[in-house]
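Text of target-v7.tsv, listed as TSV, N, CA and C atoms:
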```tsv
chain	number	residue	atom	x	y	z
W	26	MET	N	12.57	-4.63	5.03
W	26	MET	CA	11.45	-3.83	5.48
W	26	MET	C	11.45	-2.44	4.83
W	27	LYS	N	12.63	-1.93	4.54
W	27	LYS	CA	12.73	-0.57	4.03
W	27	LYS	C	11.96	-0.37	2.73
W	28	GLU	N	11.83	-1.43	1.93
W	28	GLU	CA	11.15	-1.28	0.64
W	28	GLU	C	9.67	-0.96	0.77
W	29	LEU	N	9.05	-1.21	1.93
W	29	LEU	CA	7.64	-0.89	2.14
W	29	LEU	C	7.42	0.54	2.62
W	30	LEU	N	8.48	1.16	3.09
W	30	LEU	CA	8.36	2.49	3.68
W	30	LEU	C	8.46	3.56	2.61
W	31	GLU	N	7.64	4.60	2.78
W	31	GLU	CA	7.70	5.74	1.86
W	31	GLU	C	7.25	6.99	2.59
W	32	TYR	N	7.54	8.14	1.98
W	32	TYR	CA	7.10	9.41	2.54
W	32	TYR	C	5.59	9.53	2.34
W	33	ARG	N	4.89	10.02	3.37
W	33	ARG	CA	3.42	10.07	3.34
W	33	ARG	C	2.92	11.49	3.54
W	34	ASP	N	1.69	11.72	3.05
W	34	ASP	CA	1.02	13.00	3.26
W	34	ASP	C	0.35	13.02	4.63
W	35	THR	N	0.01	14.18	5.10
W	35	THR	CA	-0.60	14.36	6.41
W	35	THR	C	-1.89	13.57	6.59
W	36	ASP	N	-2.69	13.43	5.55
W	36	ASP	CA	-3.97	12.73	5.70
W	36	ASP	C	-3.82	11.21	5.89
W	37	TYR	N	-2.64	10.67	5.78
W	37	TYR	CA	-2.37	9.25	5.98
W	37	TYR	C	-2.35	8.88	7.47
W	38	PHE	N	-2.08	9.85	8.34
W	38	PHE	CA	-1.82	9.59	9.76
W	38	PHE	C	-3.05	9.75	10.64
W	39	ASN	N	-3.01	9.08	11.81
W	39	ASN	CA	-4.02	9.25	12.86
W	39	ASN	C	-3.36	8.98	14.20
W	40	ASP	N	-4.08	9.23	15.28
W	40	ASP	CA	-3.49	9.06	16.61
W	40	ASP	C	-3.85	7.73	17.26
W	41	GLU	N	-4.49	6.82	16.53
W	41	GLU	CA	-4.89	5.53	17.10
W	41	GLU	C	-3.95	4.38	16.72
W	42	ASP	N	-3.37	4.43	15.53
W	42	ASP	CA	-2.57	3.32	15.03
W	42	ASP	C	-1.09	3.48	15.38
W	43	TYR	N	-0.38	2.37	15.25
W	43	TYR	CA	1.07	2.39	15.36
W	43	TYR	C	1.66	2.55	13.96
W	44	TYR	N	2.83	3.16	13.89
W	44	TYR	CA	3.53	3.37	12.62
W	44	TYR	C	4.96	2.88	12.76
W	45	LEU	N	5.44	2.29	11.69
W	45	LEU	CA	6.84	1.89	11.63
W	45	LEU	C	7.56	2.95	10.82
W	46	LEU	N	8.61	3.55	11.39
W	46	LEU	CA	9.33	4.59	10.67
W	46	LEU	C	10.81	4.27	10.64
W	47	PHE	N	11.48	4.83	9.66
W	47	PHE	CA	12.92	4.65	9.46
W	47	PHE	C	13.55	6.03	9.43
W	48	THR	N	14.55	6.24	10.28
W	48	THR	CA	15.14	7.57	10.41
W	48	THR	C	16.39	7.70	9.54
W	49	SER	N	16.86	8.91	9.43
W	49	SER	CA	18.09	9.18	8.68
W	49	SER	C	19.32	8.62	9.39
W	50	LEU	N	19.16	8.20	10.63
W	50	LEU	CA	20.26	7.59	11.40
W	50	LEU	C	20.23	6.06	11.29
W	51	ASN	N	19.50	5.54	10.29
W	51	ASN	CA	19.38	4.11	10.03
W	51	ASN	C	18.80	3.33	11.20
W	52	ARG	N	17.78	3.90	11.85
W	52	ARG	CA	17.09	3.23	12.95
W	52	ARG	C	15.62	3.08	12.61
W	53	PHE	N	15.06	1.94	12.99
W	53	PHE	CA	13.62	1.71	12.89
W	53	PHE	C	12.99	2.02	14.23
W	54	TYR	N	11.77	2.56	14.19
W	54	TYR	CA	11.00	2.77	15.40
W	54	TYR	C	9.55	2.40	15.15
W	55	VAL	N	8.90	1.89	16.19
W	55	VAL	CA	7.46	1.68	16.19
W	55	VAL	C	6.90	2.72	17.14
W	56	THR	N	5.94	3.52	16.67
W	56	THR	CA	5.45	4.62	17.50
W	56	THR	C	4.01	4.97	17.17
W	57	GLN	N	3.34	5.53	18.14
W	57	GLN	CA	2.06	6.18	17.89
W	57	GLN	C	2.35	7.65	17.63
W	58	LEU	N	1.32	8.38	17.20
W	58	LEU	CA	1.55	9.76	16.77
W	58	LEU	C	0.77	10.75	17.62
W	59	HIS	N	1.21	11.98	17.51
W	59	HIS	CA	0.60	13.10	18.21
W	59	HIS	C	0.48	14.27	17.24
W	60	PHE	N	-0.72	14.86	17.18
W	60	PHE	CA	-0.93	16.01	16.30
W	60	PHE	C	-0.59	17.27	17.08
W	61	TYR	N	0.38	18.02	16.58
W	61	TYR	CA	0.84	19.20	17.27
W	61	TYR	C	1.15	20.31	16.27
W	62	ASN	N	0.55	21.46	16.49
W	62	ASN	CA	0.84	22.64	15.69
W	62	ASN	C	0.64	22.41	14.18
W	63	GLY	N	-0.38	21.64	13.84
W	63	GLY	CA	-0.72	21.43	12.44
W	63	GLY	C	0.01	20.29	11.74
W	64	SER	N	0.83	19.53	12.48
W	64	SER	CA	1.58	18.43	11.88
W	64	SER	C	1.56	17.21	12.80
W	65	TRP	N	1.82	16.04	12.21
W	65	TRP	CA	1.90	14.79	12.97
W	65	TRP	C	3.35	14.51	13.35
W	66	TYR	N	3.55	14.18	14.65
W	66	TYR	CA	4.87	13.86	15.17
W	66	TYR	C	4.82	12.52	15.89
W	67	SER	N	5.97	11.83	15.93
W	67	SER	CA	6.05	10.58	16.68
W	67	SER	C	5.93	10.90	18.17
W	68	ASN	N	5.43	9.94	18.94
W	68	ASN	CA	5.28	10.14	20.38
W	68	ASN	C	6.60	10.08	21.13
W	69	MET	N	7.68	9.77	20.46
W	69	MET	CA	8.98	9.71	21.10
W	69	MET	C	9.53	11.12	21.28
W	70	GLY	N	8.96	11.86	22.20
W	70	GLY	CA	9.41	13.22	22.48
W	70	GLY	C	9.16	14.18	21.34
W	71	LEU	N	8.17	13.90	20.49
W	71	LEU	CA	7.87	14.71	19.31
W	71	LEU	C	9.13	14.89	18.46
W	72	LYS	N	9.96	13.85	18.43
W	72	LYS	CA	11.26	13.92	17.79
W	72	LYS	C	11.19	13.94	16.26
W	73	TYR	N	10.25	13.19	15.68
W	73	TYR	CA	10.21	13.06	14.23
W	73	TYR	C	8.91	13.58	13.66
W	74	LYS	N	9.01	14.52	12.74
W	74	LYS	CA	7.85	14.99	12.00
W	74	LYS	C	7.56	13.93	10.94
W	75	MET	N	6.38	13.37	10.95
W	75	MET	CA	6.09	12.15	10.18
W	75	MET	C	6.12	12.37	8.67
W	76	THR	N	5.87	13.57	8.19
W	76	THR	CA	5.93	13.80	6.75
W	76	THR	C	7.37	13.89	6.25
W	77	SER	N	8.34	13.88	7.18
W	77	SER	CA	9.74	14.00	6.78
W	77	SER	C	10.53	12.69	6.93
W	78	VAL	N	9.86	11.60	7.32
W	78	VAL	CA	10.52	10.29	7.44
W	78	VAL	C	9.74	9.25	6.65
W	79	CYS	N	10.44	8.22	6.22
W	79	CYS	CA	9.77	7.10	5.54
W	79	CYS	C	9.06	6.26	6.58
W	80	CYS	N	7.80	5.90	6.31
W	80	CYS	CA	7.02	5.17	7.30
W	80	CYS	C	5.91	4.36	6.65
W	81	ILE	N	5.23	3.55	7.48
W	81	ILE	CA	4.07	2.79	7.04
W	81	ILE	C	3.18	2.55	8.27
W	82	ASN	N	1.88	2.54	8.05
W	82	ASN	CA	0.93	2.21	9.10
W	82	ASN	C	1.09	0.73	9.41
W	83	CYS	N	1.23	0.38	10.67
W	83	CYS	CA	1.44	-1.01	11.05
W	83	CYS	C	0.26	-1.91	10.71
W	84	LYS	N	-0.93	-1.34	10.55
W	84	LYS	CA	-2.08	-2.14	10.12
W	84	LYS	C	-1.82	-2.82	8.77
W	85	GLU	N	-1.03	-2.19	7.94
W	85	GLU	CA	-0.71	-2.75	6.63
W	85	GLU	C	0.28	-3.91	6.73
W	86	LEU	N	0.91	-4.08	7.88
W	86	LEU	CA	1.91	-5.14	8.05
W	86	LEU	C	1.38	-6.38	8.75
W	87	TYR	N	0.20	-6.28	9.41
W	87	TYR	CA	-0.37	-7.42	10.13
W	87	TYR	C	-0.51	-8.63	9.21
W	88	GLY	N	-0.02	-9.76	9.66
W	88	GLY	CA	-0.16	-11.00	8.92
W	88	GLY	C	0.88	-11.21	7.84
W	89	LYS	N	1.70	-10.21	7.56
W	89	LYS	CA	2.73	-10.35	6.52
W	89	LYS	C	3.79	-11.34	6.98
W	90	GLU	N	4.33	-12.08	6.00
W	90	GLU	CA	5.36	-13.06	6.29
W	90	GLU	C	6.73	-12.39	6.27
W	91	VAL	N	7.54	-12.72	7.28
W	91	VAL	CA	8.89	-12.20	7.39
W	91	VAL	C	9.86	-13.35	7.60
W	92	GLU	N	11.13	-13.04	7.37
W	92	GLU	CA	12.19	-14.02	7.60
W	92	GLU	C	13.25	-13.37	8.47
W	93	TYR	N	13.78	-14.14	9.41
W	93	TYR	CA	14.85	-13.62	10.25
W	93	TYR	C	16.12	-13.60	9.42
W	94	VAL	N	16.86	-12.50	9.43
W	94	VAL	CA	18.04	-12.37	8.57
W	94	VAL	C	19.06	-13.47	8.88
W	95	ASP	N	19.73	-13.93	7.83
W	95	ASP	CA	20.77	-14.96	7.91
W	95	ASP	C	20.27	-16.32	8.41
W	96	THR	N	18.96	-16.57	8.33
W	96	THR	CA	18.40	-17.88	8.67
W	96	THR	C	17.32	-18.22	7.64
W	97	THR	N	16.73	-19.38	7.80
W	97	THR	CA	15.58	-19.76	6.97
W	97	THR	C	14.30	-19.70	7.78
W	98	LEU	N	14.36	-19.14	8.97
W	98	LEU	CA	13.23	-19.07	9.89
W	98	LEU	C	12.21	-18.06	9.40
W	99	LYS	N	10.95	-18.51	9.24
W	99	LYS	CA	9.87	-17.65	8.74
W	99	LYS	C	8.74	-17.59	9.74
W	100	GLY	N	8.05	-16.45	9.74
W	100	GLY	CA	6.91	-16.27	10.63
W	100	GLY	C	6.02	-15.15	10.14
W	101	ASN	N	4.96	-14.89	10.91
W	101	ASN	CA	4.01	-13.84	10.56
W	101	ASN	C	3.95	-12.77	11.64
W	102	ILE	N	3.81	-11.52	11.21
W	102	ILE	CA	3.72	-10.38	12.12
W	102	ILE	C	2.31	-10.34	12.73
W	103	ILE	N	2.25	-10.22	14.08
W	103	ILE	CA	0.93	-10.11	14.70
W	103	ILE	C	0.82	-9.00	15.75
W	104	LYS	N	1.93	-8.36	16.13
W	104	LYS	CA	1.87	-7.35	17.19
W	104	LYS	C	3.02	-6.37	17.05
W	105	PHE	N	2.84	-5.18	17.62
W	105	PHE	CA	3.87	-4.14	17.57
W	105	PHE	C	4.06	-3.57	18.97
W	106	LEU	N	5.30	-3.24	19.30
W	106	LEU	CA	5.63	-2.73	20.62
W	106	LEU	C	6.63	-1.59	20.48
W	107	GLU	N	6.32	-0.45	21.08
W	107	GLU	CA	7.24	0.68	21.08
W	107	GLU	C	8.47	0.32	21.92
W	108	PRO	N	9.66	0.73	21.62
W	108	PRO	CA	10.04	1.60	20.53
W	108	PRO	C	10.49	0.89	19.25
W	109	GLU	N	10.85	-0.42	19.30
W	109	GLU	CA	11.39	-0.98	18.06
W	109	GLU	C	11.21	-2.50	17.93
W	110	CYS	N	10.12	-3.03	18.46
W	110	CYS	CA	9.92	-4.48	18.42
W	110	CYS	C	8.66	-4.86	17.67
W	111	ILE	N	8.73	-6.04	17.04
W	111	ILE	CA	7.59	-6.61	16.33
W	111	ILE	C	7.37	-8.02	16.87
W	112	GLY	N	6.11	-8.36	17.14
W	112	GLY	CA	5.77	-9.69	17.61
W	112	GLY	C	5.59	-10.63	16.43
W	113	ILE	N	6.32	-11.75	16.46
W	113	ILE	CA	6.31	-12.72	15.37
W	113	ILE	C	5.87	-14.08	15.89
W	114	VAL	N	4.95	-14.71	15.17
W	114	VAL	CA	4.61	-16.10	15.44
W	114	VAL	C	5.33	-16.92	14.38
W	115	TRP	N	6.28	-17.74	14.84
W	115	TRP	CA	7.08	-18.55	13.91
W	115	TRP	C	6.26	-19.70	13.38
W	116	LYS	N	6.54	-20.09	12.15
W	116	LYS	CA	5.83	-21.19	11.48
W	116	LYS	C	6.07	-22.49	12.24
W	117	GLN	N	5.05	-23.37	12.23
W	117	GLN	CA	5.20	-24.67	12.87
W	117	GLN	C	6.30	-25.46	12.18
W	118	GLY	N	7.02	-26.22	12.96
W	118	GLY	CA	8.11	-27.01	12.41
W	118	GLY	C	9.44	-26.27	12.39
W	119	GLU	N	9.41	-24.94	12.50
W	119	GLU	CA	10.64	-24.15	12.55
W	119	GLU	C	11.08	-24.04	14.01
W	120	ASP	N	12.33	-24.30	14.27
W	120	ASP	CA	12.83	-24.24	15.63
W	120	ASP	C	13.67	-22.98	15.83
W	121	TYR	N	13.05	-21.94	16.38
W	121	TYR	CA	13.73	-20.67	16.62
W	121	TYR	C	14.83	-20.82	17.67
W	122	ARG	N	14.70	-21.83	18.56
W	122	ARG	CA	15.68	-21.99	19.65
W	122	ARG	C	17.06	-22.40	19.12
W	123	LYS	N	17.10	-23.13	18.01
W	123	LYS	CA	18.41	-23.54	17.51
W	123	LYS	C	19.23	-22.35	17.01
W	124	TYR	N	18.55	-21.23	16.73
W	124	TYR	CA	19.24	-20.01	16.33
W	124	TYR	C	19.49	-19.08	17.51
W	125	GLY	N	18.93	-19.44	18.69
W	125	GLY	CA	19.07	-18.59	19.87
W	125	GLY	C	18.25	-17.31	19.78
W	126	LEU	N	17.11	-17.37	19.09
W	126	LEU	CA	16.28	-16.18	18.87
W	126	LEU	C	15.21	-16.03	19.94
W	127	PRO	N	14.72	-14.83	20.13
W	127	PRO	CA	13.62	-14.62	21.06
W	127	PRO	C	12.36	-15.31	20.56
W	128	TYR	N	11.51	-15.75	21.49
W	128	TYR	CA	10.29	-16.46	21.14
W	128	TYR	C	9.29	-15.57	20.39
W	129	PHE	N	9.11	-14.34	20.84
W	129	PHE	CA	8.04	-13.52	20.28
W	129	PHE	C	8.52	-12.15	19.81
W	130	TRP	N	9.06	-11.33	20.70
W	130	TRP	CA	9.44	-9.95	20.36
W	130	TRP	C	10.79	-9.95	19.67
W	131	ASN	N	10.84	-9.35	18.49
W	131	ASN	CA	12.07	-9.29	17.70
W	131	ASN	C	12.30	-7.86	17.22
W	132	TYR	N	13.57	-7.48	17.10
W	132	TYR	CA	13.89	-6.15	16.60
W	132	TYR	C	13.62	-6.07	15.10
W	133	VAL	N	13.06	-4.97	14.67
W	133	VAL	CA	12.70	-4.77	13.27
W	133	VAL	C	13.91	-4.96	12.36
W	134	LYS	N	15.06	-4.47	12.77
W	134	LYS	CA	16.25	-4.53	11.92
W	134	LYS	C	16.69	-5.95	11.60
W	135	ASN	N	16.23	-6.94	12.39
W	135	ASN	CA	16.62	-8.33	12.17
W	135	ASN	C	15.65	-9.09	11.28
W	136	LEU	N	14.65	-8.42	10.74
W	136	LEU	CA	13.62	-9.08	9.94
W	136	LEU	C	13.63	-8.56	8.52
W	137	LYS	N	13.29	-9.42	7.57
W	137	LYS	CA	13.11	-8.96	6.19
W	137	LYS	C	11.80	-9.52	5.66
W	138	MET	N	11.14	-8.72	4.84
W	138	MET	CA	9.85	-9.11	4.27
W	138	MET	C	10.05	-10.13	3.17
W	139	LEU	N	9.08	-11.03	3.04
W	139	LEU	CA	9.11	-12.01	1.94
W	139	LEU	C	8.13	-11.63	0.86
```
Take the structure in the file and write it out as structure tokens.
Amino acid sequence: MKELLEYRDTDYFNDEDYYLLFTSLNRFYVTQLHFYNGSWYSNMGLKYKMTSVCCINCKELYGKEVEYVDTTLKGNIIKFLEPECIGIVWKQGEDYRKYGLPYFWNYVKNLKML
């Protein structure tokens, strides 16, 4: 997922969409934004100034195919949930239960883009 994230200018952000960001502490977060004092900040306690972290608008990720790390299980992104989950619909014929994986909500760190 990290390969899709990059530093963005202020005009990239809005307060309606969700954003996937990656922090310097090697954590992914899904968050909405808040405009404060001339800059965009994550809604997580205004902790991250968005122009200073690598991020992407989640609208750009809808429908993208992902794979669960260390498996051959593939699915498509269809939903986002704060603070760090992505909703995945697994491909038909793939049995997510044999890997002991969650049915829908998965942590971002466990997914890789195809």
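As for atom C of Ile81 in chain W and atom N of Asn51 in chain W, they are spaced 16.7 Å apart.
Backbone DSSP over range 42-102 of chain W yields strand (DSSP E or B) at Tyr44, Leu45, Leu46, Phe47, Phe53, Tyr54, Val55, Thr56, Leu58, His59, Phe60, Tyr61, Ser64, Trp65, Tyr66, Ser67, Lys74, Cys79, Cys80, Ile81, Asn82, Glu90, Val91, Glu92, Tyr93, Lys99, Gly100, Asn101 and Ile102 of chain W.
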Between W:Ile113, W:Met69, W:Leu45, W:Met26, smallest distance to Lys84 in chain W by only C-alpha atoms belongs to W:Leu45
Selected residue of minimal separation from Gly112 in chain W among W:Phe53, W:Tyr93, W:Phe60, W:Tyr128, counting only N, CA and C atoms: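 Of W:Phe53, W:Tyr93, W:Phe60, W:Tyr128, the one nearest Gly112 in chain W, counting only N, CA and C atoms, is W:Tyr128.
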In Å, with one decimal, what is the gap from CA of Ile111 in chain W to atom N of Tyr124 in chain W? 18.3 Å
Which is closer to Lys99 in chain W than all the others in W:Arg33, W:Lys134, W:Lys116, W:Lys27, using all atoms listed in the file?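 Of W:Arg33, W:Lys134, W:Lys116, W:Lys27, the one nearest Lys99 in chain W is W:Lys116, counting all atoms listed in the file.
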Report, in Å to a single decimal, how far apart atom N of Glu85 in chain W and CA of Trp115 in chain W are. 19.2 Å
Among listed residues W:Pro108, W:Tyr37, W:Val114, W:Gln57, nearest Val133 in chain W (using all atoms listed in the file):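 Checking each of W:Pro108, W:Tyr37, W:Val114, W:Gln57 against Val133 in chain W, counting all atoms listed in the file, the winner is W:Pro108.
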Going by DSSP on the backbone, which residues of range 35-124 of chain W come out as helix (DSSP H, G or I)? List them as number ranges by chain. W: 35-37, 75-77, 83-85, 121-124
Quick one: residues within 8 Å of Val55 in chain W, all atoms listed in the file, excluding same-chain residues fewer than 5 positions away - as a list in words? Tyr43, Tyr44, Leu45, Leu46, Phe47, Ser67, Asn68, Met69, Phe105, Leu106, Glu107, Pro108, Glu109, Cys110 and Ile111 of chain W
I'd like the neighbourhood of Gln117 in chain W as a list in words, where a residue qualifies if any of its atoms comes within 12 Å (using only C-alpha atoms), though same-chain residues fewer than 6 positions away should be ignored. Leu98, Lys99, Gly100 and Asn101 of chain W
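Using all atoms listed in the file, the smallest distance between any of W:Lys72, W:Met138, W:Tyr121, W:Ser77 and Lys89 in chain W comes from W:Met138.
Restricting the calculation to all atoms listed in the file, the smallest distance between Ser49 in chain W and any of W:Val78, W:Lys137, W:Gly88, W:Asp120 is found for W:Val78.
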